[in-house]
Amino acid sequence: GPLAAGTRLTAGDLGTAELRLPAAVAATSYPQAAALVGRVLAVPLRPGELLSAPELTPTGGQPPLRPVTVTVPGPDLLGLVPAERVDVFLTTSTGSTARTALLLRGAEVIRVATPSGGLLGGGGGSGSDVLVLGVPSLGEVESLVAAGHAGSLDVTVAEPSDGVGPGPGTGGTGGSGGH
């Protein structure tokens with residue numbers, strides 16, 4: 001069955017399949033299910049989904065990122081890979097009253113998928129697709145969730161020198177602004 005984020009994996013949760021994967025995906029995948037026993041999921045998984053390193057919480061002393069799912073335009077996802085950092089922008093209203101503001105800097109991409117669960121299966125069309133981002137605080141989760149209801153979200157690859165965390169203003173999204 002489906003597994004929720006925070007699930008500690010057991011041998012019964014895991015299976016194996018022989019797949020041909022792109023090099024970037026293969027590099028973060030596990031050839032042996034036994035290596036995953038005892039690890040904790042950072043994101044929810046459906047039966048049969050490929051499990052790779054970005055979907056697991058870190059094993060070291062660093063606190064895990066909080067996963068949050070956002071919907072963004074399909075073209076925003078082209079070329080994004082797990083562990084990449086992105087900036088998130090919120091646009092409210094349309095036309096001459098449209099307003100765009102930087103919401104969050106340097107959020108970590110955990111997973112890129114279409115609503116049906118396929119990896120980058122959106123075809124790059126004009127529809128919206130799903131992106132799971134990792135953020136360090138509940139305030140940033142709150143800002144992203146509120147922003148998703150307040151307007152449309154866009155992502156762009158982050159510039160490391162810009163830093164991470166909340167943007168200069170959330171434009172009244174109803175969230176806490178990550179503070």
# chains A, B, ... in the order shown; residues from 1 in each chain; ligands from 1
call {"tool": "select_by_dssp", "arguments": {"residues": "range 35-120 of chain A", "states": "strand (DSSP E)", "output": "PyMOL selection string"}}
result
chain A and resi 66-73+85-92+99-113
call {"tool": "residues_around", "arguments": {"residues": "Gly6 in chain A", "least_positions_apart": "5", "cutoff": "9 Å", "atoms": "only C-alpha atoms", "output": "ChimeraX atom specification"}}
result
/A:40-44,56-57
call {"tool": "closest_residue", "arguments": {"among": "A:Arg20, A:Pro64, A:Ala101, A:Ala113", "to": "Leu45 in chain A", "atoms": "only C-alpha atoms"}}
result
A:Ala113
call {"tool": "closest_residue", "arguments": {"among": "A:Ala23, A:Val112, A:Ala33, A:Ala5", "to": "Gly79 in chain A", "atoms": "only C-alpha atoms"}}
result
A:Val112
call {"tool": "residues_around", "arguments": {"residues": "Leu51 in chain A", "least_positions_apart": "3", "cutoff": "12 Å", "atoms": "only C-alpha atoms", "output": "PyMOL selection string"}}
result
chain A and resi 3+9+13-17+25-33+35-36+39-48+54-56+110-111+119
call {"tool": "residues_around", "arguments": {"residues": "range 87-99 of chain A", "least_positions_apart": "3", "cutoff": "9 Å", "atoms": "only C-alpha atoms", "output": "list of chain:residue names"}}
result
A:Leu102, A:Leu103, A:Leu104, A:Arg105, A:Gly106, A:Ala107, A:Leu144, A:Ala147, A:Gly148, A:Ala150, A:Gly151, A:Ser152, A:Leu153, A:Asp154, A:Val155, A:Thr156, A:Val157, A:Ala158, A:Glu159, A:Val164, A:Gly167, A:Thr170, A:Gly171, A:Thr173
call {"tool": "write_last_selection", "arguments": {"atoms": "N, CA, C and O atoms", "output": "CSV table (one decimal), in the first residue's frame"}}
result
chain,number,residue,atom,x,y,z
A,102,LEU,N,9.1,37.5,-4.9
A,102,LEU,CA,9.9,36.4,-4.5
A,102,LEU,C,9.4,35.9,-3.2
A,102,LEU,O,9.3,36.6,-2.2
A,103,LEU,N,9.0,34.6,-3.1
A,103,LEU,CA,8.5,34.0,-1.9
A,103,LEU,C,9.5,33.3,-1.1
A,103,LEU,O,9.6,33.5,0.1
A,104,LEU,N,10.4,32.6,-1.7
A,104,LEU,CA,11.4,31.7,-1.0
A,104,LEU,C,12.6,31.5,-1.9
A,104,LEU,O,12.5,31.3,-3.1
A,105,ARG,N,13.8,31.7,-1.3
A,105,ARG,CA,15.0,31.5,-2.0
A,105,ARG,C,15.6,30.1,-1.6
A,105,ARG,O,15.6,29.7,-0.4
A,106,GLY,N,16.2,29.4,-2.6
A,106,GLY,CA,17.0,28.2,-2.3
A,106,GLY,C,16.3,27.0,-1.7
A,106,GLY,O,16.9,26.2,-1.0
A,107,ALA,N,15.0,26.8,-2.1
A,107,ALA,CA,14.3,25.6,-1.6
A,107,ALA,C,14.9,24.4,-2.4
A,107,ALA,O,15.2,24.5,-3.6
A,144,LEU,N,4.5,28.5,1.7
A,144,LEU,CA,4.3,27.8,0.4
A,144,LEU,C,2.8,27.4,0.2
A,144,LEU,O,2.3,27.5,-0.9
A,147,ALA,N,0.6,30.4,-0.2
A,147,ALA,CA,0.8,31.0,-1.6
A,147,ALA,C,0.2,30.2,-2.7
A,147,ALA,O,-0.3,30.8,-3.6
A,148,GLY,N,0.2,28.9,-2.5
A,148,GLY,CA,-0.4,28.0,-3.5
A,148,GLY,C,-1.9,28.3,-3.7
A,148,GLY,O,-2.5,28.1,-4.7
A,150,ALA,N,-3.2,31.4,-2.8
A,150,ALA,CA,-3.4,32.8,-3.1
A,150,ALA,C,-3.1,33.2,-4.5
A,150,ALA,O,-3.6,34.3,-5.0
A,151,GLY,N,-2.4,32.4,-5.3
A,151,GLY,CA,-2.1,32.7,-6.6
A,151,GLY,C,-1.4,31.6,-7.3
A,151,GLY,O,-1.5,30.4,-6.9
A,152,SER,N,-0.6,31.9,-8.3
A,152,SER,CA,0.2,30.9,-9.0
A,152,SER,C,1.7,30.9,-8.6
A,152,SER,O,2.2,32.0,-8.4
A,153,LEU,N,2.3,29.8,-8.6
A,153,LEU,CA,3.7,29.7,-8.2
A,153,LEU,C,4.5,29.3,-9.4
A,153,LEU,O,4.1,28.6,-10.3
A,154,ASP,N,5.7,29.9,-9.5
A,154,ASP,CA,6.7,29.6,-10.5
A,154,ASP,C,8.0,29.4,-9.8
A,154,ASP,O,8.3,29.9,-8.7
A,155,VAL,N,8.9,28.5,-10.4
A,155,VAL,CA,10.2,28.3,-9.8
A,155,VAL,C,11.2,28.5,-10.9
A,155,VAL,O,11.0,28.4,-12.1
A,156,THR,N,12.4,28.9,-10.4
A,156,THR,CA,13.5,29.1,-11.3
A,156,THR,C,14.8,28.6,-10.6
A,156,THR,O,14.8,28.7,-9.3
A,157,VAL,N,15.8,28.1,-11.3
A,157,VAL,CA,17.0,27.6,-10.6
A,157,VAL,C,17.6,28.8,-9.8
A,157,VAL,O,17.7,29.9,-10.3
A,158,ALA,N,18.0,28.4,-8.6
A,158,ALA,CA,18.5,29.4,-7.6
A,158,ALA,C,19.9,29.8,-7.9
A,158,ALA,O,20.7,28.9,-8.4
A,159,GLU,N,20.3,31.0,-7.6
A,159,GLU,CA,21.7,31.4,-7.7
A,159,GLU,C,22.2,31.3,-6.2
A,159,GLU,O,21.7,31.9,-5.3
A,164,VAL,N,19.4,31.5,1.1
A,164,VAL,CA,18.2,30.6,1.2
A,164,VAL,C,17.3,31.3,2.2
A,164,VAL,O,17.7,32.1,3.0
A,167,GLY,N,11.7,35.2,1.0
A,167,GLY,CA,12.1,36.3,0.1
A,167,GLY,C,11.8,37.6,0.9
A,167,GLY,O,11.5,37.6,2.1
A,170,THR,N,6.2,38.5,1.2
A,170,THR,CA,5.3,37.5,0.6
A,170,THR,C,4.1,38.1,0.0
A,170,THR,O,3.2,37.4,-0.5
A,171,GLY,N,4.0,39.4,0.1
A,171,GLY,CA,2.8,40.1,-0.6
A,171,GLY,C,1.5,39.7,0.0
A,171,GLY,O,0.5,39.7,-0.7
A,173,THR,N,0.3,36.9,1.5
A,173,THR,CA,-0.3,35.6,1.1
A,173,THR,C,-1.1,34.9,2.2
A,173,THR,O,-1.7,33.9,2.0
call {"tool": "select_by_dssp", "arguments": {"residues": "chain A", "states": "helix (DSSP H, G or I)", "output": "JSON, numbers by chain"}}
result
{"A": [11, 12, 13, 23, 24, 25, 26, 33, 34, 35, 36, 53, 54, 55, 74, 75, 76, 77, 95, 96, 97, 138, 139, 140, 141, 142, 143, 144, 145, 146, 147, 148, 149, 150, 160, 161, 162]}
call {"tool": "closest_residue", "arguments": {"among": "A:Ala4, A:Leu65, A:Ala11, A:Val86", "to": "Glu140 in chain A", "atoms": "only C-alpha atoms"}}
result
A:Leu65
call {"tool": "atom_distance", "arguments": {"atom1": "CA of Val81 in chain A", "atom2": "CA of Gly1 in chain A"}}
result
26.3 Å
call {"tool": "closest_residue", "arguments": {"among": "A:Val141, A:Ala53, A:Val132, A:Ala24", "to": "Val70 in chain A", "atoms": "only C-alpha atoms"}}
result
A:Val132
call {"tool": "closest_residue", "arguments": {"among": "A:Pro58, A:Pro22, A:Gly74, A:Pro2", "to": "Gly134 in chain A", "atoms": "only C-alpha atoms"}}
result
A:Pro58
call {"tool": "residues_around", "arguments": {"residues": "Leu133 in chain A", "least_positions_apart": "4", "cutoff": "6 Å", "atoms": "only C-alpha atoms", "output": "PDB file with C-alpha atoms, in the first residue's frame"}}
result
ATOM      1  CA  PRO A  67       8.616  18.196   2.255  1.00  0.00           C
ATOM      2  CA  VAL A  68       5.881  20.383   0.762  1.00  0.00           C
ATOM      3  CA  GLU A 108      15.644  22.077  -2.338  1.00  0.00           C
ATOM      4  CA  VAL A 109      13.965  19.973  -5.021  1.00  0.00           C
ATOM      5  CA  ILE A 110      13.058  16.594  -3.495  1.00  0.00           C
TER       6      ILE A 110
END
call {"tool": "decode", "arguments": {"residues": "range 30-65 of chain A", "atoms": "N, CA, C and O atoms", "output": "mmCIF file, in the first residue's frame"}}
result
data_model
loop_
_atom_site.group_PDB
_atom_site.id
_atom_site.type_symbol
_atom_site.label_atom_id
_atom_site.label_comp_id
_atom_site.auth_asym_id
_atom_site.auth_seq_id
_atom_site.Cartn_x
_atom_site.Cartn_y
_atom_site.Cartn_z
ATOM 1 N N TYR A 30 18.910 2.720 -5.453
ATOM 2 C CA TYR A 30 19.523 1.654 -4.664
ATOM 3 C C TYR A 30 19.361 0.313 -5.384
ATOM 4 O O TYR A 30 18.231 -0.117 -5.632
ATOM 5 N N PRO A 31 20.476 -0.354 -5.705
ATOM 6 C CA PRO A 31 20.368 -1.651 -6.388
ATOM 7 C C PRO A 31 19.886 -2.773 -5.459
ATOM 8 O O PRO A 31 19.382 -3.776 -5.918
ATOM 9 N N GLN A 32 20.018 -2.610 -4.154
ATOM 10 C CA GLN A 32 19.606 -3.627 -3.191
ATOM 11 C C GLN A 32 18.610 -3.035 -2.198
ATOM 12 O O GLN A 32 18.907 -2.039 -1.535
ATOM 13 N N ALA A 33 17.446 -3.671 -2.078
ATOM 14 C CA ALA A 33 16.422 -3.184 -1.154
ATOM 15 C C ALA A 33 16.904 -3.209 0.291
ATOM 16 O O ALA A 33 16.514 -2.366 1.099
ATOM 17 N N ALA A 34 17.783 -4.148 0.622
ATOM 18 C CA ALA A 34 18.254 -4.276 2.009
ATOM 19 C C ALA A 34 18.933 -2.997 2.501
ATOM 20 O O ALA A 34 18.895 -2.695 3.695
ATOM 21 N N ALA A 35 19.512 -2.218 1.598
ATOM 22 C CA ALA A 35 20.179 -0.970 1.979
ATOM 23 C C ALA A 35 19.188 0.088 2.461
ATOM 24 O O ALA A 35 19.593 1.079 3.074
ATOM 25 N N LEU A 36 17.902 -0.123 2.204
ATOM 26 C CA LEU A 36 16.885 0.860 2.571
ATOM 27 C C LEU A 36 16.153 0.536 3.875
ATOM 28 O O LEU A 36 15.453 1.388 4.415
ATOM 29 N N VAL A 37 16.303 -0.682 4.365
ATOM 30 C CA VAL A 37 15.607 -1.082 5.592
ATOM 31 C C VAL A 37 16.072 -0.197 6.750
ATOM 32 O O VAL A 37 17.266 -0.002 6.964
ATOM 33 N N GLY A 38 15.104 0.381 7.458
ATOM 34 C CA GLY A 38 15.408 1.258 8.583
ATOM 35 C C GLY A 38 15.482 2.724 8.220
ATOM 36 O O GLY A 38 15.457 3.578 9.111
ATOM 37 N N ARG A 39 15.574 3.044 6.920
ATOM 38 C CA ARG A 39 15.593 4.450 6.506
ATOM 39 C C ARG A 39 14.193 5.038 6.623
ATOM 40 O O ARG A 39 13.200 4.314 6.651
ATOM 41 N N VAL A 40 14.079 6.367 6.674
ATOM 42 C CA VAL A 40 12.808 7.057 6.864
ATOM 43 C C VAL A 40 12.477 7.869 5.617
ATOM 44 O O VAL A 40 13.328 8.597 5.096
ATOM 45 N N LEU A 41 11.217 7.746 5.162
ATOM 46 C CA LEU A 41 10.764 8.480 3.982
ATOM 47 C C LEU A 41 10.589 9.967 4.298
ATOM 48 O O LEU A 41 10.011 10.323 5.319
ATOM 49 N N ALA A 42 11.052 10.816 3.393
ATOM 50 C CA ALA A 42 10.840 12.256 3.508
ATOM 51 C C ALA A 42 9.562 12.679 2.798
ATOM 52 O O ALA A 42 9.013 13.734 3.074
ATOM 53 N N VAL A 43 9.091 11.859 1.867
ATOM 54 C CA VAL A 43 7.896 12.153 1.077
ATOM 55 C C VAL A 43 6.999 10.926 1.029
ATOM 56 O O VAL A 43 7.468 9.812 1.228
ATOM 57 N N PRO A 44 5.713 11.095 0.751
ATOM 58 C CA PRO A 44 4.856 9.919 0.599
ATOM 59 C C PRO A 44 5.173 9.186 -0.705
ATOM 60 O O PRO A 44 5.609 9.804 -1.677
ATOM 61 N N LEU A 45 4.963 7.871 -0.716
ATOM 62 C CA LEU A 45 5.165 7.066 -1.924
ATOM 63 C C LEU A 45 3.948 6.196 -2.167
ATOM 64 O O LEU A 45 3.337 5.699 -1.226
ATOM 65 N N ARG A 46 3.641 5.992 -3.448
ATOM 66 C CA ARG A 46 2.569 5.071 -3.837
ATOM 67 C C ARG A 46 3.186 3.726 -4.187
ATOM 68 O O ARG A 46 4.375 3.643 -4.505
ATOM 69 N N PRO A 47 2.391 2.663 -4.147
ATOM 70 C CA PRO A 47 2.916 1.331 -4.489
ATOM 71 C C PRO A 47 3.562 1.337 -5.878
ATOM 72 O O PRO A 47 3.033 1.919 -6.820
ATOM 73 N N GLY A 48 4.740 0.726 -5.969
ATOM 74 C CA GLY A 48 5.427 0.593 -7.246
ATOM 75 C C GLY A 48 6.298 1.761 -7.639
ATOM 76 O O GLY A 48 7.003 1.699 -8.646
ATOM 77 N N GLU A 49 6.281 2.859 -6.880
ATOM 78 C CA GLU A 49 7.115 4.007 -7.230
ATOM 79 C C GLU A 49 8.579 3.722 -6.938
ATOM 80 O O GLU A 49 8.914 3.041 -5.966
ATOM 81 N N LEU A 50 9.454 4.277 -7.783
ATOM 82 C CA LEU A 50 10.888 4.177 -7.592
ATOM 83 C C LEU A 50 11.293 4.989 -6.366
ATOM 84 O O LEU A 50 10.853 6.121 -6.188
ATOM 85 N N LEU A 51 12.116 4.409 -5.536
ATOM 86 C CA LEU A 51 12.599 5.076 -4.334
ATOM 87 C C LEU A 51 14.074 5.401 -4.539
ATOM 88 O O LEU A 51 14.870 4.529 -4.863
ATOM 89 N N SER A 52 14.423 6.672 -4.368
ATOM 90 C CA SER A 52 15.812 7.092 -4.507
ATOM 91 C C SER A 52 16.206 7.974 -3.325
ATOM 92 O O SER A 52 15.369 8.363 -2.511
ATOM 93 N N ALA A 53 17.473 8.276 -3.228
ATOM 94 C CA ALA A 53 18.019 9.003 -2.081
ATOM 95 C C ALA A 53 17.284 10.297 -1.740
ATOM 96 O O ALA A 53 17.057 10.580 -0.566
ATOM 97 N N PRO A 54 16.876 11.119 -2.709
ATOM 98 C CA PRO A 54 16.209 12.370 -2.341
ATOM 99 C C PRO A 54 14.874 12.188 -1.620
ATOM 100 O O PRO A 54 14.391 13.113 -0.988
ATOM 101 N N GLU A 55 14.274 11.010 -1.706
ATOM 102 C CA GLU A 55 13.010 10.775 -1.033
ATOM 103 C C GLU A 55 13.181 10.279 0.396
ATOM 104 O O GLU A 55 12.213 10.009 1.092
ATOM 105 N N LEU A 56 14.440 10.168 0.854
ATOM 106 C CA LEU A 56 14.733 9.686 2.203
ATOM 107 C C LEU A 56 15.257 10.819 3.064
ATOM 108 O O LEU A 56 15.916 11.737 2.573
ATOM 109 N N THR A 57 14.978 10.755 4.350
ATOM 110 C CA THR A 57 15.544 11.752 5.252
ATOM 111 C C THR A 57 17.040 11.481 5.406
ATOM 112 O O THR A 57 17.479 10.338 5.291
ATOM 113 N N PRO A 58 17.821 12.501 5.655
ATOM 114 C CA PRO A 58 19.268 12.313 5.819
ATOM 115 C C PRO A 58 19.577 11.426 7.025
ATOM 116 O O PRO A 58 18.842 11.438 8.012
ATOM 117 N N THR A 59 20.672 10.689 6.948
ATOM 118 C CA THR A 59 21.064 9.828 8.064
ATOM 119 C C THR A 59 22.002 10.538 9.020
ATOM 120 O O THR A 59 22.214 10.072 10.119
ATOM 121 N N GLY A 60 22.562 11.666 8.624
ATOM 122 C CA GLY A 60 23.517 12.386 9.465
ATOM 123 C C GLY A 60 22.827 13.237 10.512
ATOM 124 O O GLY A 60 21.628 13.127 10.776
ATOM 125 N N GLY A 61 23.597 14.152 11.112
ATOM 126 C CA GLY A 61 23.092 15.001 12.172
ATOM 127 C C GLY A 61 22.264 16.171 11.690
ATOM 128 O O GLY A 61 21.638 16.839 12.484
ATOM 129 N N GLN A 62 22.253 16.444 10.388
ATOM 130 C CA GLN A 62 21.491 17.576 9.870
ATOM 131 C C GLN A 62 19.993 17.264 9.942
ATOM 132 O O GLN A 62 19.567 16.188 9.559
ATOM 133 N N PRO A 63 19.178 18.188 10.443
ATOM 134 C CA PRO A 63 17.748 17.908 10.509
ATOM 135 C C PRO A 63 17.172 17.745 9.104
ATOM 136 O O PRO A 63 17.614 18.410 8.177
ATOM 137 N N PRO A 64 16.203 16.859 8.948
ATOM 138 C CA PRO A 64 15.624 16.646 7.624
ATOM 139 C C PRO A 64 14.826 17.861 7.170
ATOM 140 O O PRO A 64 14.315 18.628 7.991
ATOM 141 N N LEU A 65 14.743 17.998 5.872
ATOM 142 C CA LEU A 65 13.909 19.053 5.307
ATOM 143 C C LEU A 65 12.455 18.622 5.388
ATOM 144 O O LEU A 65 12.135 17.443 5.329
#
